[in-house]
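Coordinates as given in start.tsv (TSV, C-alpha atoms):
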chain	number	residue	atom	x	y	z
H	15	MET	CA	-31.83	39.59	0.31
H	16	ILE	CA	-34.38	39.18	3.04
H	17	THR	CA	-35.98	42.37	4.30
H	18	LYS	CA	-36.25	43.54	7.86
H	19	THR	CA	-40.00	42.81	7.99
H	20	SER	CA	-39.55	39.33	6.57
H	21	ARG	CA	-36.61	38.55	8.84
H	22	ASN	CA	-38.78	38.28	11.94
H	23	PRO	CA	-40.64	35.08	11.13
H	24	VAL	CA	-37.35	33.50	10.07
H	25	ASP	CA	-35.57	34.54	13.26
H	26	SER	CA	-38.50	33.42	15.38
H	27	SER	CA	-38.54	30.05	13.67
H	28	VAL	CA	-34.79	29.68	14.12
H	29	SER	CA	-35.08	30.52	17.82
H	30	ILE	CA	-37.81	27.90	18.28
H	31	TYR	CA	-35.79	25.33	16.35
H	32	ARG	CA	-32.70	26.07	18.42
H	33	PHE	CA	-34.79	25.52	21.56
H	34	LEU	CA	-36.12	22.20	20.23
H	35	LEU	CA	-32.59	20.93	19.66
H	36	ALA	CA	-32.43	20.36	23.42
H	37	ALA	CA	-34.29	17.10	22.72
H	38	TYR	CA	-31.20	15.60	21.06
H	39	PRO	CA	-28.47	13.85	23.08
H	40	GLN	CA	-26.00	16.40	24.40
H	41	ALA	CA	-22.98	15.10	22.49
H	42	PHE	CA	-24.84	15.17	19.19
H	43	ARG	CA	-26.20	18.65	19.90
H	44	GLU	CA	-22.77	20.00	20.77
H	45	GLU	CA	-21.21	18.54	17.64
H	46	TYR	CA	-23.88	19.38	15.07
H	47	GLY	CA	-26.36	21.77	16.73
H	48	ASP	CA	-24.95	24.97	15.17
H	49	ASP	CA	-24.76	23.38	11.71
H	50	MET	CA	-28.36	22.18	11.99
H	51	VAL	CA	-29.54	25.64	13.00
H	52	GLN	CA	-27.67	27.18	10.09
H	53	VAL	CA	-29.17	24.73	7.59
H	54	PHE	CA	-32.64	25.29	9.05
H	55	ARG	CA	-32.15	29.05	8.73
H	56	ASP	CA	-31.18	28.66	5.06
H	57	PHE	CA	-34.32	26.64	4.40
H	58	CYS	CA	-36.48	29.13	6.31
H	59	ILE	CA	-35.21	32.02	4.22
H	60	ARG	CA	-35.77	30.12	1.00
H	61	ALA	CA	-39.25	28.96	2.01
H	62	TYR	CA	-40.31	32.44	3.16
H	63	LEU	CA	-38.97	34.21	0.10
H	64	ASN	CA	-40.43	31.71	-2.36
H	65	GLN	CA	-43.75	30.79	-0.75
H	66	GLY	CA	-44.34	33.16	2.15
H	67	PRO	CA	-46.14	31.95	5.29
H	68	ASN	CA	-47.43	28.85	3.50
H	69	GLY	CA	-43.87	27.83	2.73
H	70	MET	CA	-42.89	28.34	6.35
H	71	PHE	CA	-45.82	26.23	7.48
H	72	ARG	CA	-44.85	23.39	5.14
H	73	LEU	CA	-41.22	23.64	6.23
H	74	TRP	CA	-42.19	23.39	9.88
H	75	ALA	CA	-44.39	20.37	9.22
H	76	THR	CA	-41.56	18.44	7.56
H	77	THR	CA	-38.96	19.70	10.04
H	78	LEU	CA	-41.00	18.60	13.05
H	79	LEU	CA	-41.46	15.12	11.60
H	80	ASP	CA	-37.73	14.95	10.90
H	81	LEU	CA	-36.95	16.20	14.39
H	82	ILE	CA	-39.13	13.60	16.11
H	83	ARG	CA	-37.72	10.78	14.00
H	84	SER	CA	-34.09	11.80	14.32
H	85	VAL	CA	-34.31	12.54	18.05
H	86	ILE	CA	-35.61	9.01	18.67
H	87	GLU	CA	-32.94	7.57	16.38
H	88	GLU	CA	-30.08	9.45	18.05
H	89	HIS	CA	-31.23	8.45	21.53
H	90	LEU	CA	-31.60	4.80	20.47
H	91	GLN	CA	-28.16	4.93	18.87
H	92	LYS	CA	-26.69	6.38	22.03
H	93	GLU	CA	-28.37	3.67	24.11
H	94	THR	CA	-27.22	0.90	21.79
H	95	ASN	CA	-23.65	2.17	21.80
H	96	MET	CA	-23.68	2.39	25.58
H	97	ASN	CA	-25.07	-1.14	25.97
H	98	LYS	CA	-22.59	-2.55	23.50
H	99	SER	CA	-19.71	-0.69	25.09
H	100	SER	CA	-20.69	-1.89	28.58
H	101	TYR	CA	-21.08	-5.46	27.36
H	102	ILE	CA	-17.65	-5.46	25.73
H	103	ARG	CA	-16.05	-4.20	28.92
H	104	VAL	CA	-17.78	-6.87	31.01
H	105	SER	CA	-16.76	-9.54	28.50
H	106	GLY	CA	-13.16	-8.37	28.89
H	107	TRP	CA	-13.38	-9.03	32.61
H	108	ALA	CA	-15.01	-12.41	31.87
H	109	LEU	CA	-12.03	-13.32	29.71
H	110	ILE	CA	-9.62	-12.25	32.46
H	111	LEU	CA	-11.51	-14.29	35.07
H	112	GLY	CA	-11.70	-17.22	32.64
H	113	ALA	CA	-7.93	-17.06	32.21
H	114	PHE	CA	-7.51	-17.18	36.00
H	115	SER	CA	-9.84	-20.14	36.40
H	116	PHE	CA	-8.09	-21.91	33.51
H	117	PHE	CA	-4.76	-21.21	35.21
H	118	MET	CA	-6.10	-22.58	38.49
H	119	PHE	CA	-7.21	-25.70	36.65
H	120	PHE	CA	-3.68	-26.38	35.41
H	121	LEU	CA	-2.08	-25.35	38.66
H	122	SER	CA	-4.23	-27.79	40.62
H	123	ILE	CA	-3.29	-30.61	38.23
H	124	PHE	CA	0.41	-30.04	38.92
H	125	LEU	CA	-0.06	-29.46	42.63
H	126	GLU	CA	-2.06	-32.65	42.88
H	127	GLU	CA	0.67	-34.50	41.02
H	128	TYR	CA	3.46	-33.19	43.26
H	129	PHE	CA	1.77	-32.92	46.64
H	130	TYR	CA	-0.69	-35.75	46.58
H	131	ASP	CA	-1.19	-36.99	50.11
H	132	PRO	CA	-4.19	-39.29	50.73
H	133	GLY	CA	-3.73	-38.95	54.48
H	134	LEU	CA	-4.46	-35.21	54.30
H	135	ARG	CA	-7.35	-35.79	51.88
H	136	ILE	CA	-5.88	-33.00	49.84
H	137	SER	CA	-6.57	-34.61	46.46
H	138	GLY	CA	-10.29	-33.90	46.88
H	139	PHE	CA	-9.57	-30.19	47.13
H	140	TYR	CA	-7.43	-30.20	43.99
H	141	GLN	CA	-10.05	-32.24	42.18
H	142	ASN	CA	-12.72	-29.69	43.05
H	143	VAL	CA	-10.56	-26.83	41.84
H	144	GLN	CA	-10.00	-28.69	38.59
H	145	ASP	CA	-13.69	-29.42	38.13
H	146	ILE	CA	-14.73	-25.84	38.83
H	147	GLY	CA	-11.95	-24.41	36.66
H	148	ILE	CA	-12.64	-26.58	33.63
H	149	VAL	CA	-16.40	-25.95	33.80
H	150	ILE	CA	-16.37	-22.23	34.56
H	151	SER	CA	-13.61	-21.22	32.17
H	152	PRO	CA	-15.45	-22.13	28.92
H	153	LEU	CA	-18.49	-20.17	30.09
H	154	LEU	CA	-16.34	-17.11	30.81
H	155	PHE	CA	-14.39	-17.63	27.57
H	156	GLY	CA	-17.72	-17.84	25.74
H	157	ALA	CA	-18.65	-14.38	27.03
H	158	GLY	CA	-15.18	-13.20	26.00
H	159	MET	CA	-15.63	-14.61	22.48
H	160	PHE	CA	-18.86	-12.63	22.07
H	161	GLY	CA	-17.08	-9.53	23.36
H	162	LEU	CA	-14.27	-10.03	20.83
H	163	ARG	CA	-16.90	-10.45	18.14
H	164	ALA	CA	-18.69	-7.26	19.20
H	165	LYS	CA	-15.49	-5.23	19.32
H	166	TYR	CA	-13.39	-6.67	16.49
H	167	GLY	CA	-15.91	-8.67	14.45
H	168	ASP	CA	-16.72	-5.99	11.89
H	169	SER	CA	-13.09	-5.19	11.18
H	170	SER	CA	-12.11	-8.86	10.94
H	171	GLY	CA	-14.70	-9.74	8.29
H	172	ALA	CA	-17.42	-12.38	7.94
H	173	THR	CA	-15.10	-15.38	8.53
H	174	GLY	CA	-13.66	-13.94	11.74
H	175	LYS	CA	-17.13	-13.08	13.02
H	176	THR	CA	-18.46	-16.56	12.24
H	177	LEU	CA	-15.53	-18.29	13.96
H	178	LEU	CA	-16.03	-16.23	17.12
H	179	LEU	CA	-19.77	-16.90	17.05
H	180	LEU	CA	-19.36	-20.67	16.62
H	181	GLY	CA	-16.68	-20.87	19.32
H	182	GLY	CA	-18.74	-18.75	21.71
H	183	ILE	CA	-21.78	-21.00	21.28
H	184	LEU	CA	-20.36	-24.51	20.73
H	185	GLY	CA	-17.65	-24.35	23.42
H	186	PRO	CA	-19.86	-23.56	26.44
H	187	LEU	CA	-22.71	-25.79	25.16
H	188	THR	CA	-20.38	-28.79	24.80
H	189	ALA	CA	-18.93	-28.25	28.27
H	190	ILE	CA	-22.42	-27.94	29.79
H	191	ALA	CA	-23.57	-31.09	27.96
H	192	GLY	CA	-20.56	-32.92	29.40
H	193	LEU	CA	-21.35	-31.68	32.88
H	194	ILE	CA	-25.02	-32.69	32.68
H	195	GLY	CA	-24.39	-36.08	31.12
H	196	ALA	CA	-21.24	-37.01	33.04
H	197	GLU	CA	-23.04	-39.21	35.54
H	198	LYS	CA	-25.60	-40.62	33.16
H	199	VAL	CA	-23.64	-41.57	30.08
H	200	GLU	CA	-20.31	-43.31	30.09
H	201	ASN	CA	-17.40	-41.19	28.92
H	202	MET	CA	-19.64	-38.16	28.47
H	203	TRP	CA	-17.52	-36.35	31.03
H	204	LEU	CA	-14.94	-36.00	28.27
H	205	LEU	CA	-17.15	-33.33	26.72
H	206	ILE	CA	-16.21	-31.10	29.65
H	207	PHE	CA	-12.73	-30.98	28.12
H	208	TRP	CA	-14.04	-30.90	24.57
H	209	GLY	CA	-15.84	-27.62	25.41
H	210	PRO	CA	-12.78	-25.41	26.01
H	211	ALA	CA	-10.86	-27.30	23.31
H	212	ILE	CA	-13.52	-26.49	20.70
H	213	LEU	CA	-13.85	-22.89	21.86
H	214	LEU	CA	-10.12	-22.26	21.86
H	215	ALA	CA	-9.74	-23.96	18.47
H	216	PHE	CA	-12.22	-21.44	17.05
H	217	LEU	CA	-10.33	-18.63	18.81
H	218	THR	CA	-7.17	-19.88	17.10
H	219	GLY	CA	-9.01	-19.85	13.77
H	220	PHE	CA	-10.02	-16.26	14.44
H	221	GLY	CA	-6.36	-15.57	15.24
H	222	PHE	CA	-5.31	-16.66	11.75
H	223	VAL	CA	-7.97	-14.41	10.24
H	224	ALA	CA	-6.75	-11.57	12.49
H	225	LEU	CA	-3.21	-11.98	11.16
H	226	LYS	CA	-4.55	-10.92	7.77
H	227	SER	CA	-7.26	-8.40	8.67
H	228	LYS	CA	-5.44	-6.92	11.72
H	229	PRO	CA	-8.49	-5.88	13.77
H	230	LEU	CA	-6.57	-5.47	17.05
H	231	PRO	CA	-4.67	-2.25	17.74
H	232	ARG	CA	-1.44	-4.27	17.94
H	233	TRP	CA	-0.19	-7.81	18.50
H	234	ASN	CA	-2.68	-9.45	16.17
H	235	TRP	CA	-1.05	-12.83	16.84
H	236	LEU	CA	-2.43	-12.74	20.41
H	237	PRO	CA	-5.61	-14.76	19.63
H	238	ILE	CA	-3.44	-17.59	18.30
H	239	LEU	CA	-1.31	-17.59	21.46
H	240	ALA	CA	-4.46	-17.38	23.58
H	241	GLY	CA	-6.12	-20.23	21.73
H	242	ALA	CA	-3.74	-22.77	20.23
H	243	TRP	CA	-1.99	-24.55	23.07
H	244	PHE	CA	-4.86	-26.36	24.80
H	245	PRO	CA	-6.64	-27.68	21.68
H	246	ILE	CA	-3.32	-28.86	20.21
H	247	ASN	CA	-2.54	-30.79	23.40
H	248	PHE	CA	-6.08	-32.08	23.84
H	249	PHE	CA	-6.58	-33.31	20.29
H	250	SER	CA	-3.03	-34.71	20.19
H	251	TYR	CA	-3.82	-36.63	23.37
H	252	LEU	CA	-6.97	-38.08	21.79
H	253	ILE	CA	-4.99	-39.20	18.76
H	254	SER	CA	-1.86	-40.37	20.56
H	255	PRO	CA	-1.87	-40.27	24.38
H	256	ASP	CA	1.73	-41.41	24.54
H	257	LEU	CA	2.89	-38.37	22.61
H	258	VAL	CA	1.45	-35.89	25.14
H	259	GLU	CA	2.29	-37.93	28.21
H	260	GLY	CA	5.88	-37.97	27.00
H	261	LEU	CA	6.07	-34.19	27.23
H	262	THR	CA	7.75	-32.86	30.32
H	263	THR	CA	5.77	-30.92	32.90
H	264	LYS	CA	8.04	-27.97	32.27
H	265	TRP	CA	7.02	-27.64	28.63
H	266	ILE	CA	3.36	-28.11	29.43
H	267	SER	CA	3.59	-25.43	32.13
H	268	ILE	CA	5.28	-22.95	29.80
H	269	GLY	CA	2.62	-23.55	27.13
H	270	ALA	CA	-0.21	-23.08	29.61
H	271	LEU	CA	1.38	-19.96	31.04
H	272	ILE	CA	1.80	-18.35	27.62
H	273	GLN	CA	-1.80	-19.14	26.79
H	274	VAL	CA	-3.08	-17.65	30.03
H	275	ILE	CA	-0.98	-14.48	29.67
H	276	ALA	CA	-2.21	-14.00	26.10
H	277	MET	CA	-5.80	-14.36	27.33
H	278	LEU	CA	-5.21	-11.82	30.07
H	279	ILE	CA	-3.92	-9.30	27.52
H	280	LEU	CA	-6.89	-9.97	25.23
H	281	GLY	CA	-9.21	-9.45	28.20
H	282	TYR	CA	-7.41	-6.21	28.98
H	283	TYR	CA	-7.90	-5.02	25.38
H	284	LEU	CA	-11.61	-5.76	25.63
H	285	GLN	CA	-12.26	-4.05	28.92
H	286	ALA	CA	-10.25	-0.95	27.93
H	287	ARG	CA	-12.39	1.98	26.82
H	288	MET	CA	-13.31	1.82	23.18
H	289	VAL	CA	-14.54	3.86	20.24
H	290	GLN	CA	-17.68	2.51	18.67
H	291	ASN	CA	-17.77	1.23	15.18
H	292	PRO	CA	-20.84	2.76	13.59
H	293	SER	CA	-22.96	0.97	11.08
H	294	PRO	CA	-23.97	3.18	8.19
H	295	SER	CA	-26.93	0.93	7.53
H	296	THR	CA	-28.65	2.70	10.40
H	297	ALA	CA	-27.95	6.11	8.92
O	16	MET	CA	-7.67	-0.36	15.84
O	17	ALA	CA	-9.58	-0.18	12.60
O	18	ASP	CA	-12.75	1.64	13.56
O	19	THR	CA	-14.20	1.29	10.14
O	20	LEU	CA	-15.11	-1.39	7.68
O	21	ASN	CA	-12.71	-1.53	4.77
O	22	ASN	CA	-14.78	-3.55	2.37
O	23	PRO	CA	-17.41	-1.47	0.53
O	24	GLU	CA	-19.57	-4.58	0.15
O	25	ASP	CA	-20.08	-4.62	3.90
O	26	PHE	CA	-22.09	-1.40	3.59
O	27	LEU	CA	-24.54	-2.72	1.02
O	28	PRO	CA	-27.35	-2.14	0.60
O	29	LEU	CA	-26.98	1.56	1.37
O	30	THR	CA	-29.98	3.31	2.86
O	31	PRO	CA	-31.62	5.84	0.49
O	32	THR	CA	-30.32	8.66	2.70
O	33	VAL	CA	-26.70	7.50	2.60
O	34	PHE	CA	-26.94	6.75	-1.12
O	35	ASN	CA	-28.29	10.22	-1.89
O	36	ILE	CA	-25.76	12.01	0.31
O	37	LEU	CA	-22.90	10.17	-1.41
O	38	LEU	CA	-24.45	10.89	-4.80
O	39	ALA	CA	-24.63	14.57	-3.90
O	40	LEU	CA	-20.91	14.57	-3.10
O	41	VAL	CA	-19.83	12.97	-6.38
O	42	ASP	CA	-19.29	16.38	-7.99
O	43	GLY	CA	-17.17	17.67	-5.14
O	44	GLU	CA	-17.23	18.83	-1.56
O	45	LYS	CA	-20.37	20.44	-0.17
O	46	HIS	CA	-21.70	21.81	3.10
O	47	GLY	CA	-24.87	20.51	4.74
O	48	TYR	CA	-27.27	22.90	3.02
O	49	GLY	CA	-25.56	22.27	-0.32
O	50	ILE	CA	-26.01	18.50	0.14
O	51	MET	CA	-29.70	18.94	0.93
O	52	LEU	CA	-30.27	21.11	-2.13
O	53	GLU	CA	-28.44	18.63	-4.34
O	54	VAL	CA	-30.45	15.70	-2.96
O	55	GLU	CA	-33.66	17.62	-3.52
O	56	LYS	CA	-32.62	18.35	-7.11
O	57	ASN	CA	-31.39	14.82	-7.84
O	58	THR	CA	-34.61	13.25	-6.60
O	59	GLN	CA	-36.97	15.89	-8.03
O	60	GLY	CA	-38.02	16.69	-4.47
O	61	GLN	CA	-39.02	13.09	-3.69
O	62	VAL	CA	-36.39	12.76	-0.96
O	63	LEU	CA	-36.70	15.57	1.57
O	64	MET	CA	-34.49	15.22	4.61
O	65	GLY	CA	-34.42	17.58	7.52
O	66	PRO	CA	-31.34	18.78	9.40
O	67	GLY	CA	-31.70	15.99	11.99
O	68	THR	CA	-31.64	13.19	9.42
O	69	LEU	CA	-28.86	14.88	7.47
O	70	TYR	CA	-26.47	15.40	10.37
O	71	GLY	CA	-27.33	12.05	11.99
O	72	SER	CA	-26.32	10.39	8.71
O	73	ILE	CA	-23.25	12.59	8.35
O	74	LYS	CA	-22.14	11.62	11.84
O	75	ARG	CA	-22.38	7.91	11.07
O	76	MET	CA	-20.85	8.26	7.61
O	77	LEU	CA	-17.87	10.14	9.05
O	78	LYS	CA	-17.28	7.39	11.59
O	79	ALA	CA	-17.63	4.74	8.90
O	80	ASN	CA	-15.10	6.64	6.76
O	81	LEU	CA	-17.53	6.99	3.84
O	82	ILE	CA	-17.07	10.77	3.90
O	83	GLU	CA	-14.61	13.15	5.52
O	84	GLU	CA	-14.63	16.75	6.61
O	85	CYS	CA	-12.56	19.12	4.48
O	86	ASP	CA	-9.77	20.97	6.24
O	87	GLU	CA	-9.83	23.97	3.94
O	88	ARG	CA	-12.45	26.63	4.46
O	89	PRO	CA	-13.95	28.50	1.48
O	90	ASP	CA	-13.04	32.03	0.55
O	91	PRO	CA	-14.99	34.17	3.06
O	92	GLN	CA	-16.24	36.31	0.20
O	93	LEU	CA	-17.74	33.29	-1.52
O	94	ASP	CA	-19.28	31.53	1.44
O	95	ASP	CA	-19.69	31.47	5.19
O	96	GLN	CA	-16.44	30.22	6.73
O	97	ARG	CA	-18.29	28.69	9.65
O	98	ARG	CA	-19.84	26.08	7.39
O	99	ARG	CA	-18.30	22.65	7.47
O	100	TYR	CA	-17.64	21.04	4.11
O	101	TYR	CA	-17.69	17.32	3.46
O	102	ARG	CA	-16.29	15.18	0.67
O	103	MET	CA	-16.54	11.55	-0.29
O	104	THR	CA	-13.67	9.18	0.57
O	105	GLY	CA	-12.33	6.45	-1.68
O	106	LEU	CA	-14.27	3.91	0.38
O	107	GLY	CA	-17.45	5.99	0.01
O	108	ASN	CA	-16.90	6.19	-3.73
O	109	ARG	CA	-16.50	2.41	-4.03
O	110	ALA	CA	-19.57	1.77	-1.86
O	111	LEU	CA	-21.64	4.21	-3.95
O	112	ARG	CA	-20.45	2.64	-7.19
O	113	MET	CA	-21.30	-0.87	-5.98
O	114	GLU	CA	-24.71	0.24	-4.75
O	115	ALA	CA	-25.44	1.94	-8.07
O	116	GLU	CA	-24.49	-1.27	-9.89
O	117	ARG	CA	-26.67	-3.27	-7.52
O	118	LEU	CA	-29.63	-0.99	-8.17
O	119	ALA	CA	-28.98	-1.03	-11.92
O	120	ALA	CA	-29.07	-4.84	-11.84
O	121	GLN	CA	-32.43	-4.67	-10.08
O	122	VAL	CA	-33.77	-2.23	-12.66
O	123	GLN	CA	-32.49	-4.55	-15.39
O	124	MET	CA	-34.44	-7.36	-13.81
O	125	ALA	CA	-37.59	-5.23	-13.61
O	126	ARG	CA	-37.10	-4.32	-17.26
O	127	ALA	CA	-36.75	-7.98	-18.20
O	128	LYS	CA	-40.08	-8.63	-16.53
O	129	ASN	CA	-41.71	-5.78	-18.50
O	130	LEU	CA	-42.47	-3.82	-15.36
O	131	LEU	CA	-41.19	-0.46	-16.57
O	132	ILE	CA	-43.88	1.58	-18.26
O	133	ASN	CA	-42.04	4.91	-18.22
O	134	PRO	CA	-40.34	5.29	-21.60
O	135	HIS	CA	-37.33	6.94	-19.96
O	136	PHE	CA	-36.53	3.69	-18.19
O	137	GLY	CA	-37.29	1.25	-20.94
O	138	LEU	CA	-40.31	0.03	-22.29
O	139	SER	CA	-43.01	-2.34	-21.97
O	140	SER	CA	-45.84	-3.37	-24.02
Show me, as structure tokens, the structure contained in the file I just sent.
Amino acid sequence: MITKTSRNPVDSSVSIYRFLLAAYPQAFREEYGDDMVQVFRDFCIRAYLNQGPNGMFRLWATTLLDLIRSVIEEHLQKETNMNKSSYIRVSGWALILGAFSFFMFFLSIFLEEYFYDPGLRISGFYQNVQDIGIVISPLLFGAGMFGLRAKYGDSSGATGKTLLLLGGILGPLTAIAGLIGAEKVENMWLLIFWGPAILLAFLTGFGFVALKSKPLPRWNWLPILAGAWFPINFFSYLISPDLVEGLTTKWISIGALIQVIAMLILGYYLQARMVQNPSPSTA
Amino acid sequence: MADTLNNPEDFLPLTPTVFNILLALVDGEKHGYGIMLEVEKNTQGQVLMGPGTLYGSIKRMLKANLIEECDERPDPQLDDQRRRYYRMTGLGNRALRMEAERLAAQVQMARAKNLLINPHFGLSS
């Protein structure tokens, strides 16, 4: 048992240590501060009883090094979590906006088809909406794919993460290449449509992985609904244009609408507040 | 939402701190000071972690589901009831086992290359 005379240096050390804990992030301090003080007190008592002042000195040297290192680590961790969390929320909004621009793209196609009137020069307006929609949406979807990867990648496994990464990179790059080369190389404009088709095909692939690993809180079939329709139509059209052109507008509209709604829900999931998935490799 | 990884392989390689904390919990639940004493003993004092490193690691290991906090508190006559006790989860156990096997394979390789001169670990000429 520690004596009254030997208690003072221990209590003083504990008081100083408790004061130094203010350097940690508040949440960490509130959760573990008392435990850390208690552990430090235990070590102080042991060091003082076994080695006297020299033991206390050695304990303080190692504790200060540990404190500096762990304070930096906890603040960096907090910063990383905050950045990641913010990015995921923004990517959720990107996916929602992408879904709207994609919807506008389809809507303008049908409006142009039904209300085409050269005298009012209205086709130019619809054409512009289509061009903007088909170019902007893969960029916004790309941001959404990276957000999905950041939020659900770890719990969906290496295959799911890779599919989201490839879709997030290849989709926007292909669309941009199509946009840049459209006027220079014949038929390169087709890449503008290849972009979202590739991206959404990878999203569909992730959807199949999600069916097994179930990374989403519910409705793990959403990525398939959000991804499948456009690539199926696009690639079917490339293989057999007659097949797709034979489909009625009604069926195409329903397919597009389901896809857009699924994207909106995915975007909502992403922008909703989240709990971070820690990586023990940083521990 | 699954907030944790479910595959122990995803955690490999474990950091020395995480490995030693899990190793300390193999024999049963322990509080923070108990873990630190066990780590010190297991490593012959070569791994000394302070309270900051210990609880930073505990925080991340709890979130990763490698360890969990025990609901039961000890008998107040045997220990301080304010202490929080931790135990290893099934996932933590599998990750520790796989890491130990990974390290053993590395030691085996070092042995095959005659790098081990300490007779406790195998010998070399």
**OP:** May I have the residues of chain O within 8 Å of chain H, counting all atoms listed in the file, written as a list in words?
**Re:** Met16, Ala17, Asp18, Thr19, Leu20, Asn21, Phe26, Leu27, Pro28, Leu29, Thr30, Thr32, Val33, Gly47, Tyr48, Met64, Gly65, Pro66, Gly67, Thr68, Tyr70, Gly71, Ser72, Arg75, Met76, Lys78, Ala79, Arg98 and Arg99 of chain O
Original post:
Which distance in Å separates CA of Val274 in chain H and CA of Lys98 in chain H, to one decimal?
Top reply: 25.5 Å
**OP:** For CA of Gly106 in chain H and CA of Leu280 in chain H, determine how far apart the two atoms are, in Å to one decimal place.
**Re:**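 Between these atoms lies a distance of 7.4 Å.
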Original post:
Of the residues H:Tyr101, H:Trp243, H:Phe222, H:Phe249, which is the one nearest to Ser267 in chain H, using all atoms listed in the file?
Top reply: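 For Ser267 in chain H, the nearest of the candidates is H:Trp243.
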Original post:
Of the residues O:Ile82, O:Gln59, O:Ile132, O:Asn35, which is the one nearest to Gly105 in chain O, using all atoms listed in the file?
Top reply: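 Answer, going by the shortest atom-to-atom distance: O:Ile82.
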Original post:
Skipping near chain neighbours, those fewer than 3 positions away, what residues fall within 12 Å of Asn247 in chain H using all atoms listed in the file, listed as a list of chain:residue names?
Top reply: H:Phe207, H:Trp208, H:Pro210, H:Ala211, H:Leu214, H:Ala215, H:Gly241, H:Ala242, H:Trp243, H:Phe244, H:Ser250, H:Tyr251, H:Leu252, H:Ile253, H:Ser254, H:Pro255, H:Asp256, H:Leu257, H:Val258, H:Glu259, H:Gly260, H:Leu261, H:Trp265, H:Ile266, H:Ser267, H:Gly269, H:Ala270
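In terms of minimum interatomic distance to Phe117 in chain H, H:Leu271 ranks closest within H:Leu271, H:His89, H:Gly174, H:Ala286, counting only C-alpha atoms.
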